[in-house]
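data36.txt (compact mmCIF, C-alpha atoms) appears below.
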```txt
# COMPACT_ATOMS: atom_id res chain seq x y z
CA MET A 1 -10.17 46.51 6.73
CA ALA A 2 -9.45 49.78 4.92
CA ASP A 3 -6.08 48.32 3.96
CA ARG A 4 -7.86 45.43 2.25
CA LEU A 5 -10.05 47.76 0.17
CA LEU A 6 -8.41 51.10 -0.49
CA TYR A 7 -4.63 50.85 -0.42
CA VAL A 8 -2.85 49.91 -3.64
CA SER A 9 -0.51 47.48 -1.84
CA ASP A 10 -3.26 44.89 -2.31
CA THR A 11 -2.71 43.74 -5.91
CA ARG A 12 -5.75 41.49 -6.13
CA ALA A 13 -8.66 42.28 -8.42
CA ILE A 14 -11.44 44.35 -6.86
CA ALA A 15 -13.96 41.52 -7.09
CA GLU A 16 -11.54 39.17 -5.35
CA ARG A 17 -10.91 41.67 -2.56
CA VAL A 18 -14.64 41.99 -1.96
CA ARG A 19 -15.18 38.21 -1.97
CA ALA A 20 -12.38 37.80 0.56
CA LEU A 21 -14.40 39.91 3.03
CA GLN A 22 -17.07 37.14 3.22
CA LEU A 23 -19.69 39.82 3.88
CA ASP A 24 -22.64 39.10 6.15
CA GLY A 25 -25.51 40.66 4.25
CA PRO A 26 -27.43 40.61 0.96
CA ALA A 27 -25.67 40.14 -2.35
CA GLU A 28 -26.54 43.73 -3.26
CA MET A 29 -24.11 44.93 -0.59
CA SER A 30 -21.18 43.13 -2.22
CA ALA A 31 -22.20 44.40 -5.65
CA GLY A 32 -22.55 47.97 -4.40
CA LEU A 33 -19.19 47.88 -2.63
CA GLU A 34 -17.49 46.49 -5.74
CA GLN A 35 -19.01 49.26 -7.91
CA ALA A 36 -17.93 51.97 -5.45
CA LEU A 37 -14.37 50.62 -5.36
CA ARG A 38 -14.18 50.63 -9.15
CA ILE A 39 -15.24 54.32 -9.20
CA ALA A 40 -12.69 55.13 -6.49
CA SER A 41 -9.90 53.20 -8.18
CA GLY A 42 -6.76 55.35 -8.39
CA MET A 43 -8.00 57.87 -5.81
CA SER A 44 -6.35 58.53 -2.49
CA PRO A 45 -8.11 56.95 0.52
CA GLU A 46 -9.33 60.39 1.56
CA ASP A 47 -10.89 61.14 -1.85
CA ALA A 48 -12.41 57.64 -1.95
CA ALA A 49 -14.01 58.20 1.47
CA ARG A 50 -15.57 61.44 0.27
CA ARG A 51 -17.08 59.66 -2.73
CA ILE A 52 -19.08 57.29 -0.47
CA GLU A 53 -19.99 59.71 2.35
CA ASN A 54 -23.59 59.73 1.02
CA LEU A 55 -23.70 55.89 0.97
CA PRO A 56 -23.91 54.97 4.68
CA ASP A 57 -24.46 51.27 3.87
CA LEU A 58 -20.89 51.16 2.58
CA TRP A 59 -19.24 52.88 5.52
CA LEU A 60 -16.69 50.73 7.34
CA GLY A 61 -18.85 50.58 10.44
CA ALA A 62 -21.78 49.17 8.49
CA ILE A 63 -19.78 46.50 6.66
CA ARG A 64 -19.59 43.24 8.63
CA PRO A 65 -16.90 40.99 7.17
CA GLY A 66 -17.23 37.29 7.81
CA PHE A 67 -13.53 36.88 8.58
CA ALA A 68 -14.04 38.97 11.70
CA SER A 69 -16.80 36.68 12.96
CA ASP A 70 -16.26 34.07 15.67
CA GLU A 71 -18.78 31.76 14.04
CA LEU A 72 -17.68 28.84 11.85
CA ARG A 73 -19.00 29.18 8.31
CA ARG A 74 -17.31 26.43 6.32
CA ILE A 75 -15.01 23.40 6.56
CA GLN A 76 -12.62 22.61 3.69
CA LEU A 77 -10.83 19.24 3.59
CA SER A 78 -7.20 19.18 2.45
CA SER A 79 -6.64 16.76 -0.40
CA TRP A 80 -4.51 13.64 0.07
CA ARG A 81 -3.13 14.17 -3.43
CA ASP A 82 -0.67 16.59 -4.98
CA SER A 83 -1.25 18.61 -8.16
CA ARG A 84 -0.32 15.58 -10.29
CA GLY A 85 -2.78 13.30 -8.53
CA SER A 86 -0.16 11.34 -6.58
CA ILE A 87 -0.82 10.34 -2.97
CA LEU A 88 0.95 12.64 -0.51
CA LYS A 89 3.20 10.93 2.04
CA TRP A 90 1.70 12.77 5.03
CA SER A 91 -1.70 11.18 4.40
CA GLY A 92 -0.50 7.75 5.55
CA LEU A 93 -2.22 6.11 2.59
CA THR A 94 -0.60 3.59 0.26
CA LYS A 95 -0.77 4.35 -3.45
CA PRO A 96 -3.48 2.52 -5.43
CA GLU A 97 -2.67 -0.90 -6.88
CA THR A 98 -3.88 0.34 -10.29
CA GLU A 99 -4.59 3.78 -11.76
CA ASP A 100 -8.35 3.23 -11.52
CA SER A 101 -8.43 1.90 -7.95
CA ALA A 102 -8.63 3.73 -4.62
CA PRO A 103 -5.69 4.40 -2.28
CA ARG A 104 -5.30 2.00 0.64
CA LEU A 105 -4.90 2.20 4.41
CA ILE A 106 -3.34 -1.04 5.62
CA LEU A 107 -3.64 -1.58 9.38
CA ASP A 108 -1.18 -4.04 10.90
CA ARG A 109 -1.73 -4.71 14.60
CA ALA A 110 1.37 -6.89 14.75
CA ALA A 111 3.71 -4.22 13.40
CA PRO A 112 5.96 -2.21 15.75
CA SER A 113 4.35 1.05 16.86
CA ARG A 114 6.66 3.23 14.77
CA GLU A 115 5.87 1.26 11.61
CA ARG A 116 2.08 1.23 11.92
CA ALA A 117 0.16 3.13 9.29
CA GLN A 118 -1.62 6.30 10.42
CA LEU A 119 -4.32 8.11 8.49
CA THR A 120 -3.88 11.88 8.72
CA VAL A 121 -6.89 14.11 8.06
CA ARG A 122 -6.39 17.87 7.63
CA TRP A 123 -8.85 20.68 7.03
CA THR A 124 -9.14 24.46 7.11
CA THR A 125 -12.02 26.68 8.13
CA GLU A 126 -13.79 29.90 7.21
CA PRO A 127 -13.03 32.09 8.93
CA GLU A 128 -9.46 30.97 9.57
CA GLU A 129 -9.20 32.81 12.88
CA LEU A 130 -11.42 31.04 15.40
CA ALA A 131 -10.86 30.95 19.11
CA ALA A 132 -9.19 27.74 20.28
CA SER A 133 -11.71 25.18 21.57
CA ASN A 134 -14.55 27.33 20.20
CA VAL A 135 -15.64 24.54 17.83
CA GLU A 136 -15.77 20.79 18.33
CA TYR A 137 -15.33 18.53 15.30
CA ARG A 138 -16.49 14.96 14.81
CA ILE A 139 -14.24 12.92 12.52
CA SER A 140 -15.81 9.64 11.40
CA ILE A 141 -14.50 6.75 9.31
CA VAL A 142 -17.55 5.52 7.44
CA ALA A 143 -18.21 2.46 5.28
CA GLY A 144 -21.69 2.57 3.79
CA GLU A 145 -23.99 3.26 6.74
CA ASP A 146 -21.55 1.89 9.33
CA VAL A 147 -19.28 4.10 11.43
CA LEU A 148 -16.03 2.18 11.85
CA ALA A 149 -14.29 4.71 14.08
CA GLU A 150 -14.95 8.17 15.46
CA ARG A 151 -12.94 10.93 17.11
CA LEU A 152 -13.96 14.22 18.71
CA VAL A 153 -11.44 17.08 18.69
CA HIS A 154 -11.61 20.78 19.53
CA HIS A 155 -10.50 23.60 17.26
CA ARG A 156 -6.87 24.45 17.84
CA ASP A 157 -5.15 27.80 17.45
CA HIS A 158 -3.67 26.99 14.05
CA ARG A 159 -4.54 27.68 10.44
CA THR A 160 -4.77 23.95 9.62
CA GLN A 161 -6.71 21.53 11.79
CA GLN A 162 -5.54 17.92 11.96
CA VAL A 163 -6.36 14.54 13.45
CA VAL A 164 -4.45 11.26 13.16
CA ILE A 165 -6.35 7.98 12.99
CA THR A 166 -4.47 4.84 14.09
CA VAL A 167 -5.20 1.12 14.32
CA ASP A 168 -6.16 1.66 17.98
CA ASP A 169 -9.23 3.59 16.83
CA PHE A 170 -10.58 0.36 15.31
CA GLU A 171 -10.42 -1.80 18.43
CA ASP A 172 -14.03 -2.97 17.99
CA LEU A 173 -13.18 -4.65 14.67
CA GLU A 174 -11.90 -8.22 14.51
CA GLY A 175 -8.87 -7.35 12.40
CA THR A 176 -9.64 -9.38 9.27
CA GLU A 177 -12.07 -7.02 7.52
CA LYS A 178 -11.76 -4.96 4.35
CA PHE A 179 -13.91 -1.88 3.67
CA ASP A 180 -14.50 0.80 1.05
CA ALA A 181 -14.43 3.80 3.37
CA THR A 182 -14.49 7.59 3.50
CA VAL A 183 -13.73 10.21 6.16
CA GLU A 184 -16.42 12.65 7.25
CA VAL A 185 -15.69 15.84 9.19
CA ALA A 186 -18.57 17.72 10.84
CA ALA A 187 -18.91 20.56 13.32
CA VAL A 188 -20.77 19.26 16.38
CA GLY A 189 -24.04 21.07 17.04
CA GLN A 190 -23.71 23.40 14.03
CA GLU A 191 -26.22 22.21 11.47
CA SER A 192 -25.68 25.28 9.27
CA VAL A 193 -22.11 24.16 8.55
CA ALA A 194 -22.06 21.49 5.86
CA LEU A 195 -20.42 18.15 6.56
CA VAL A 196 -17.44 17.39 4.30
CA ARG A 197 -16.43 13.99 2.96
CA SER A 198 -13.10 12.70 1.67
CA GLU A 199 -12.38 10.65 -1.41
CA ALA A 200 -12.95 6.92 -1.05
CA PHE A 201 -10.14 4.65 0.09
CA VAL A 202 -9.73 0.97 0.91
CA LEU A 203 -9.34 0.21 4.61
CA GLN A 204 -8.02 -3.26 5.30
CA PHE A 205 -6.18 -5.22 7.94
CA GLY A 206 -3.03 -7.07 6.96
CA GLU A 207 0.72 -7.01 6.96
CA THR A 208 2.28 -3.74 5.91
CA ALA A 209 4.68 -4.21 3.03
CA LYS A 210 7.07 -1.31 3.41
CA GLN A 211 8.89 -0.11 0.29
CA LEU A 212 12.58 -0.16 1.09
CA THR A 213 15.23 2.07 -0.45
CA SER A 214 17.91 -0.54 0.11
CA ALA A 215 17.33 -3.84 1.85
CA SER A 216 19.79 -5.41 4.25
CA GLY A 217 20.61 -9.09 4.44
CA GLN A 218 22.96 -11.68 3.04
CA GLU A 219 22.82 -11.95 -0.74
CA VAL A 220 22.01 -15.54 -1.71
CA ARG A 221 21.18 -17.57 -4.83
CA THR A 222 17.66 -18.43 -3.64
CA LEU A 223 15.68 -17.32 -0.58
CA VAL A 224 15.50 -20.84 0.79
CA GLU A 225 19.15 -20.44 1.78
CA GLY A 226 17.99 -17.85 4.28
CA ALA A 227 14.85 -19.72 5.31
CA ILE A 228 16.77 -22.83 6.41
CA SER A 229 18.39 -20.77 9.17
CA VAL A 230 15.07 -20.90 11.05
CA ALA A 231 15.89 -23.19 13.97
CA ASP A 232 12.43 -24.59 14.67
CA ARG A 233 10.76 -26.84 12.07
CA ALA A 234 7.23 -25.85 13.10
CA ALA A 235 8.14 -22.17 12.76
CA PHE A 236 9.73 -22.86 9.35
CA ASP A 237 6.61 -24.62 8.08
CA LEU A 238 4.41 -21.75 9.26
CA LEU A 239 6.63 -19.15 7.58
CA VAL A 240 6.76 -20.89 4.21
CA THR A 241 3.21 -22.26 4.06
CA GLY A 242 1.19 -19.78 6.15
CA PRO A 243 -1.28 -17.24 4.73
CA ARG A 244 1.43 -14.57 4.34
CA ALA A 245 4.05 -16.80 2.75
CA ALA A 246 3.60 -15.39 -0.76
CA THR A 247 3.97 -11.78 0.44
CA ARG A 248 6.76 -12.24 3.00
CA ALA A 249 9.47 -11.17 0.55
CA VAL A 250 9.76 -7.37 0.26
CA GLU A 251 11.25 -5.71 -2.82
CA ASP A 252 13.49 -2.67 -2.51
CA LYS A 253 14.08 0.01 -5.13
CA LYS A 254 17.23 -1.67 -6.37
CA GLY A 255 15.43 -4.86 -7.37
CA PHE A 256 16.41 -7.06 -4.41
CA LEU A 257 13.84 -9.31 -2.75
CA THR A 258 14.47 -9.65 0.98
CA TRP A 259 13.02 -12.47 3.06
CA LYS A 260 13.11 -12.46 6.85
CA GLY A 261 11.41 -15.08 8.97
CA ASP A 262 11.50 -13.85 12.57
CA ALA A 263 13.56 -11.68 14.89
CA SER A 264 16.22 -14.40 15.32
CA THR A 265 16.55 -15.08 11.59
CA ARG A 266 19.13 -13.30 9.50
CA GLY A 267 17.60 -11.70 6.44
CA ALA A 268 18.39 -13.11 3.01
CA ARG A 269 18.06 -11.32 -0.29
CA VAL A 270 18.13 -12.28 -3.94
CA PHE A 271 18.28 -10.03 -6.99
CA ARG A 272 15.34 -10.11 -9.39
CA PRO A 273 16.13 -8.64 -12.83
CA ALA A 274 13.70 -6.02 -14.09
CA LEU A 275 12.87 -8.14 -17.15
CA LEU A 276 11.87 -11.12 -15.00
CA ARG A 277 9.77 -8.84 -12.81
CA ALA A 278 7.96 -7.43 -15.87
CA VAL A 279 7.34 -10.91 -17.31
CA GLU A 280 5.92 -12.26 -14.04
CA ALA A 281 3.68 -9.23 -13.53
CA ASP A 282 2.35 -9.52 -17.08
CA TRP A 283 1.83 -13.28 -16.71
CA VAL A 284 -0.16 -12.84 -13.49
CA GLY A 285 -2.18 -10.07 -15.16
CA ARG A 286 -3.03 -12.49 -17.97
CA ALA A 287 -4.19 -15.12 -15.44
CA GLY A 288 -1.33 -17.47 -16.28
CA ALA A 289 -1.88 -17.62 -20.04
CA ILE A 290 0.46 -19.98 -21.93
CA GLY A 291 2.85 -18.20 -24.24
CA TYR A 292 6.15 -16.37 -24.56
CA TRP A 293 7.39 -12.78 -24.45
CA THR A 294 9.47 -10.70 -26.82
CA GLN A 295 11.45 -7.67 -25.70
CA VAL A 296 13.32 -5.41 -28.13
CA VAL A 297 16.55 -4.09 -26.63
CA ARG A 298 19.29 -1.65 -27.57
CA ALA A 299 22.92 -2.60 -28.04
CA ASP A 300 23.57 -1.94 -24.34
CA GLY A 301 20.71 -4.24 -23.31
CA SER A 302 18.29 -1.51 -22.25
CA PRO A 303 14.66 -2.17 -23.29
CA VAL A 304 12.89 -0.42 -26.13
CA GLY A 305 9.13 -0.27 -25.63
CA ASN A 306 7.04 -2.77 -23.71
CA LEU A 307 7.07 -6.54 -23.61
CA ARG A 308 5.06 -8.27 -26.32
CA PHE A 309 3.21 -11.43 -25.38
CA THR A 310 2.43 -14.18 -27.87
CA GLU A 311 -0.03 -16.87 -26.83
CA ILE A 312 0.82 -20.43 -27.85
CA GLU A 313 -1.85 -22.44 -29.64
CA PRO A 314 -4.89 -20.49 -28.40
CA GLY A 315 -7.18 -22.68 -30.46
CA ASP A 316 -5.98 -25.98 -28.98
CA ARG A 317 -8.67 -27.29 -26.60
CA GLY A 318 -7.27 -30.79 -26.14
CA PRO A 319 -7.38 -32.24 -22.59
CA THR A 320 -3.60 -32.16 -22.16
CA THR A 321 -3.30 -28.50 -23.14
CA GLU A 322 -6.36 -27.54 -21.09
CA ARG A 323 -4.82 -29.22 -18.06
CA ALA A 324 -1.66 -27.18 -18.55
CA ARG A 325 -3.72 -23.98 -18.89
CA GLU A 326 -5.59 -24.66 -15.64
CA ALA A 327 -2.38 -25.46 -13.78
CA SER A 328 -0.80 -22.21 -15.07
CA ARG A 329 -3.84 -20.21 -14.00
CA LYS A 330 -3.80 -21.59 -10.45
CA LEU A 331 -0.07 -21.04 -10.03
CA ALA A 332 -0.40 -17.43 -11.22
CA GLU A 333 -3.22 -16.87 -8.70
CA GLU A 334 -1.00 -17.90 -5.79
CA LEU A 335 2.03 -15.78 -6.67
CA GLY A 336 2.68 -12.70 -4.56
CA VAL A 337 4.28 -9.47 -5.74
CA GLY A 338 7.71 -11.09 -5.40
CA GLY A 339 6.92 -13.68 -8.06
CA LEU A 340 8.51 -17.12 -7.96
CA LEU A 341 11.84 -15.76 -6.72
CA GLY A 342 10.03 -14.26 -3.72
CA VAL A 343 8.56 -17.57 -2.58
CA VAL A 344 10.31 -20.21 -0.53
CA ILE A 345 8.72 -23.20 -2.25
CA PRO A 346 7.60 -25.66 0.42
CA PRO A 347 7.09 -29.39 -0.03
CA GLY A 348 3.55 -30.23 -1.02
CA TRP A 349 2.72 -26.91 -2.72
CA SER A 350 -0.03 -28.33 -4.89
CA ALA A 351 -0.12 -25.42 -7.34
CA ALA A 352 3.59 -25.83 -8.15
CA ASP A 353 3.43 -29.63 -8.23
CA ASN A 354 0.40 -29.66 -10.54
CA TYR A 355 2.06 -27.10 -12.83
CA ILE A 356 5.17 -29.24 -13.26
CA ASN A 357 3.18 -32.46 -13.72
CA ALA A 358 0.80 -30.88 -16.26
CA TRP A 359 3.66 -29.54 -18.35
CA GLU A 360 5.56 -32.81 -18.19
CA LYS A 361 2.55 -34.57 -19.71
CA ALA A 362 1.99 -31.82 -22.26
CA LEU A 363 5.58 -31.97 -23.49
CA ASP A 364 5.50 -35.75 -23.62
CA ALA A 365 2.40 -35.52 -25.82
CA GLY A 366 4.01 -33.25 -28.42
CA GLY A 367 5.90 -30.02 -29.16
CA PRO A 368 4.36 -26.63 -28.36
CA SER A 369 3.83 -25.86 -32.05
CA SER A 370 1.90 -29.09 -32.68
CA PRO A 371 0.13 -30.30 -29.53
CA GLY A 372 -1.00 -33.89 -29.63
CA THR A 373 1.71 -34.99 -32.10
CA ALA A 374 3.86 -37.81 -30.74
CA ARG A 375 7.60 -37.52 -31.05
```
Translate this structure into structure tokens?
Amino acid sequence: MADRLLYVSDTRAIAERVRALQLDGPAEMSAGLEQALRIASGMSPEDAARRIENLPDLWLGAIRPGFASDELRRIQLSSWRDSRGSILKWSGLTKPETEDSAPRLILDRAAPSRERAQLTVRWTTEPEELAASNVEYRISIVAGEDVLAERLVHHRDHRTQQVVITVDDFEDLEGTEKFDATVEVAAVGQESVALVRSEAFVLQFGETAKQLTSASGQEVRTLVEGAISVADRAAFDLLVTGPRAATRAVEDKKGFLTWKGDASTRGARVFRPALLRAVEADWVGRAGAIGYWTQVVRADGSPVGNLRFTEIEPGDRGPTTERAREASRKLAEELGVGGLLGVVIPPGWSAADNYINAWEKALDAGGPSSPGTAR
């Protein structure tokens, strides 16, 4: 401990060196030690010791640093975010859908074991050096007043403590729920140590959409060319009309949408231009509003600024135009992240059929610039 206080190899400020001792005792002891060290600054250790020989409360034997104690004093959770606020990969969380929303933990019981999401929780302690198994921690996944999952682990001989939560820890849940949850870490039987709580995240069951660097599969004109390779008609109908049909296509970082039905089906992929992706995302965000987009580009075709949307005839409330608006809204609601290119359009998709029929009637009734005018 003398090395921490007296030798110049420690370049920290005096106040910081004293705080690092985590002294067990009144605040006056820390203040007195700090004052004595300032007086002894620049002296040799021997001269410094002579300056405090009449201050027995500051002798090394009387000072009881907290870091030398075997008792847990504090738990500190490690953040799931880096210095820029981005979600760290080791956390197991998926980045938020929007800047203002919470990160997500998507649990997929049907996924292969190596592809299942795992929530990693890390924390440190004060003091850092505790005997292994000396402390037991309770890690709880909490939603409101409900405990969704719970694990008990002992302190390990490592600076950072860690536990990994998997889908198996939620076996009592049906597998269709969605929760706003947090993680709580507490030391069992140590009421003097404050419980710590993580930031909120969304816990939900569903299919994990993994972001691919480069997708594999035959490049086709439309994804239906890959879907028709499904041998069984009942399986085909389920794949293209089931609850996950709109999200079955997965987009890679190169802009390809890949669709794969089952293990026996060869994957198919289609390229979606960045401009089309931006238009579809903006259209869905506007709840299917009727209009057109303008994009300024450079000579090489690269975009300048953002898309600009212009709504067509916002004041027209005629029945034909209103029917087209409602059909557009419903179609936008049913699109997944892959947009129209990412959907194998099945027969009898009412949202698509109604959209086409509504626009056919609207165009028969008149041009977009003058609705209701026969031509």
- Message: Please report the interatomic distance between CA of Ala186 (chain A) and CA of Ile75 (chain A) in Å with one decimal.
- Response: 8.0 Å
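CA of Glu199 (chain A) sits 26.5 Å away from CA of Val337 (chain A).
Restricting the calculation to only C-alpha atoms, the smallest distance between Lys361 (chain A) and any of A:Thr125, A:Thr321, A:Asn306, A:Thr247 is found for A:Thr321.
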Given 4 Å on each side, where is the centre and what are the edge lengths in Å to one decimal of the axis-aligned box enclosing the listed atoms of region 74-79 of chain A, as JSON?
```
{"center_x": -12.0, "center_y": 21.6, "center_z": 3.1, "size_x": 18.7, "size_y": 17.7, "size_z": 15.0}
```
- Close residues, Phe256 (chain A) itself excluded, 9 Å, only C-alpha atoms, min 5 positions apart in chain, as a VMD selection string: chain A and resid 214 to 215 219 250 to 251 269 to 273
- Message: Show me, as a list in words, the residues that have an atom within 12 Å of Glu322 (chain A) when counting all atoms listed in the file, minus same-chain residues fewer than 6 positions from it.
- Response: Ala289, Ile290, Glu313, Pro314, Gly315, Asp316, Ser328, Arg329, Tyr355, Ala358, Trp359, Lys361, Ala362, Pro371 and Gly372 of chain A
